[in-house]
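Text of the file target.pdb, holding PDB, C-alpha atoms:
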ATOM      1  CA  MET A  56       0.000   0.000   0.000  1.00  0.00           C
ATOM      2  CA  THR A  57       1.241   3.474  -0.864  1.00  0.00           C
ATOM      3  CA  VAL A  58       0.551   6.361   1.499  1.00  0.00           C
ATOM      4  CA  THR A  59      -0.197   9.661  -0.219  1.00  0.00           C
ATOM      5  CA  ILE A  60      -0.536  13.018   1.502  1.00  0.00           C
ATOM      6  CA  TYR A  61      -1.859  16.156  -0.147  1.00  0.00           C
ATOM      7  CA  HIS A  62       0.432  18.517   1.704  1.00  0.00           C
ATOM      8  CA  ASN A  63       0.733  22.234   2.346  1.00  0.00           C
ATOM      9  CA  PRO A  64       4.205  22.916   3.808  1.00  0.00           C
ATOM     10  CA  ASP A  65       2.980  26.263   5.201  1.00  0.00           C
ATOM     11  CA  CYS A  66       0.325  24.515   7.325  1.00  0.00           C
ATOM     12  CA  GLY A  67       1.345  23.325  10.776  1.00  0.00           C
ATOM     13  CA  THR A  68      -1.276  20.582  10.830  1.00  0.00           C
ATOM     14  CA  SER A  69      -0.106  19.275   7.477  1.00  0.00           C
ATOM     15  CA  ARG A  70       3.531  19.298   8.653  1.00  0.00           C
ATOM     16  CA  ASN A  71       2.554  17.430  11.841  1.00  0.00           C
ATOM     17  CA  VAL A  72       0.613  14.772   9.914  1.00  0.00           C
ATOM     18  CA  LEU A  73       3.534  14.291   7.514  1.00  0.00           C
ATOM     19  CA  ALA A  74       5.882  13.870  10.481  1.00  0.00           C
ATOM     20  CA  MET A  75       3.534  11.298  12.080  1.00  0.00           C
ATOM     21  CA  ILE A  76       3.384   9.313   8.855  1.00  0.00           C
ATOM     22  CA  ARG A  77       7.179   9.292   8.606  1.00  0.00           C
ATOM     23  CA  ARG A  78       7.567   8.299  12.277  1.00  0.00           C
ATOM     24  CA  SER A  79       5.348   5.295  11.531  1.00  0.00           C
ATOM     25  CA  GLY A  80       8.056   4.057   9.170  1.00  0.00           C
ATOM     26  CA  GLU A  81       6.266   4.981   5.954  1.00  0.00           C
ATOM     27  CA  GLU A  82       7.715   7.334   3.364  1.00  0.00           C
ATOM     28  CA  PRO A  83       4.628   8.814   1.739  1.00  0.00           C
ATOM     29  CA  GLU A  84       4.131  10.215  -1.712  1.00  0.00           C
ATOM     30  CA  VAL A  85       3.903  13.942  -0.978  1.00  0.00           C
ATOM     31  CA  ILE A  86       1.806  16.089  -3.304  1.00  0.00           C
ATOM     32  CA  GLU A  87       1.913  19.815  -2.668  1.00  0.00           C
ATOM     33  CA  TYR A  88      -1.686  20.439  -3.646  1.00  0.00           C
ATOM     34  CA  LEU A  89      -1.317  24.205  -4.003  1.00  0.00           C
ATOM     35  CA  LYS A  90       1.323  23.662  -6.702  1.00  0.00           C
ATOM     36  CA  HIS A  91      -0.240  20.504  -8.166  1.00  0.00           C
ATOM     37  CA  PRO A  92      -3.976  20.453  -7.413  1.00  0.00           C
ATOM     38  CA  PRO A  93      -5.782  17.162  -7.939  1.00  0.00           C
ATOM     39  CA  SER A  94      -7.874  16.806 -11.073  1.00  0.00           C
ATOM     40  CA  HIS A  95     -11.646  16.533 -10.958  1.00  0.00           C
ATOM     41  CA  GLU A  96     -11.314  12.808 -11.633  1.00  0.00           C
ATOM     42  CA  THR A  97      -8.841  12.383  -8.763  1.00  0.00           C
ATOM     43  CA  LEU A  98     -11.169  14.232  -6.381  1.00  0.00           C
ATOM     44  CA  ILE A  99     -14.059  11.974  -7.373  1.00  0.00           C
ATOM     45  CA  GLU A 100     -11.868   8.904  -6.845  1.00  0.00           C
ATOM     46  CA  LEU A 101     -10.762  10.124  -3.401  1.00  0.00           C
ATOM     47  CA  LEU A 102     -14.356  10.835  -2.397  1.00  0.00           C
ATOM     48  CA  ASP A 103     -15.395   7.351  -3.530  1.00  0.00           C
ATOM     49  CA  MET A 104     -12.523   5.731  -1.605  1.00  0.00           C
ATOM     50  CA  THR A 105     -13.306   7.609   1.615  1.00  0.00           C
ATOM     51  CA  GLY A 106     -17.084   7.575   1.400  1.00  0.00           C
ATOM     52  CA  LEU A 107     -17.168  11.327   1.971  1.00  0.00           C
ATOM     53  CA  LYS A 108     -19.315  13.917   0.285  1.00  0.00           C
ATOM     54  CA  PRO A 109     -17.699  17.040  -1.249  1.00  0.00           C
ATOM     55  CA  ARG A 110     -19.066  19.235   1.550  1.00  0.00           C
ATOM     56  CA  ASP A 111     -17.267  17.019   4.102  1.00  0.00           C
ATOM     57  CA  LEU A 112     -13.916  18.140   2.681  1.00  0.00           C
ATOM     58  CA  LEU A 113     -14.514  21.834   3.299  1.00  0.00           C
ATOM     59  CA  ARG A 114     -12.771  23.493   6.220  1.00  0.00           C
ATOM     60  CA  GLN A 115     -15.005  25.098   8.785  1.00  0.00           C
TER      61      GLN A 115
END
Would you put the structure from the file into structure tokens?
Amino acid sequence: MTVTIYHNPDCGTSRNVLAMIRRSGEEPEVIEYLKHPPSHETLIELLDMTGLKPRDLLRQ
């Protein structure tokens, strides 16, 4: 299994999650989503995999 993180290096939460993943022994595929945003198709695929609705992804 490959671990992928859509990462924002300017975000403390994102940096902390990346560090936790690495401490677990995994070296994730890191995608800086502000530089390389996911395509519409990728977003649909991620939503299908997680069972979330688009509104669930929005920050509050």
### Message
Need the shell around segment 62-65 of chain A: protein/DNA/RNA residues with any atom at most 12 Å away, counting only C-alpha atoms. Skip same-chain ones fewer than 6 positions apart. Format as an MDAnalysis selection string?
### Response
chainID A and resid 71:74 83:93
Go ahead and write the residues just picked, C-alpha atoms, as a PDB file, in the coordinates of the input.
ATOM      1  CA  ASN A  71       2.554  17.430  11.841  1.00  0.00           C
ATOM      2  CA  VAL A  72       0.613  14.772   9.914  1.00  0.00           C
ATOM      3  CA  LEU A  73       3.534  14.291   7.514  1.00  0.00           C
ATOM      4  CA  ALA A  74       5.882  13.870  10.481  1.00  0.00           C
ATOM      5  CA  PRO A  83       4.628   8.814   1.739  1.00  0.00           C
ATOM      6  CA  GLU A  84       4.131  10.215  -1.712  1.00  0.00           C
ATOM      7  CA  VAL A  85       3.903  13.942  -0.978  1.00  0.00           C
ATOM      8  CA  ILE A  86       1.806  16.089  -3.304  1.00  0.00           C
ATOM      9  CA  GLU A  87       1.913  19.815  -2.668  1.00  0.00           C
ATOM     10  CA  TYR A  88      -1.686  20.439  -3.646  1.00  0.00           C
ATOM     11  CA  LEU A  89      -1.317  24.205  -4.003  1.00  0.00           C
ATOM     12  CA  LYS A  90       1.323  23.662  -6.702  1.00  0.00           C
ATOM     13  CA  HIS A  91      -0.240  20.504  -8.166  1.00  0.00           C
ATOM     14  CA  PRO A  92      -3.976  20.453  -7.413  1.00  0.00           C
ATOM     15  CA  PRO A  93      -5.782  17.162  -7.939  1.00  0.00           C
TER      16      PRO A  93
END
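Relative to atom CA of Arg77 of chain A, atom CA of Lys108 of chain A is found at 28.2 Å.
Shell of Leu112 of chain A at 12 Å, with all atoms listed in the file counted and residues fewer than 6 places along the chain excluded, is Leu98, Ile99, Leu101, Leu102, Thr105 and Gly106 of chain A.
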### Message
Report, in Å with one decimal, the straight-line distance from atom CA of Met56 of chain A to atom CA of Glu82 of chain A.
### Response
11.2 Å
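Counting from atom CA of Pro109 of chain A, the distance to atom CA of Met75 of chain A is 25.7 Å.
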Axis-aligned box for all listed atoms of segment 56-72 of chain A, 3 Å per side, centre and edges in Å to one decimal, as lines of an AutoDock Vina configuration file:
center_x = 1.2
center_y = 13.1
center_z = 5.5
size_x = 12.1
size_y = 32.3
size_z = 18.7
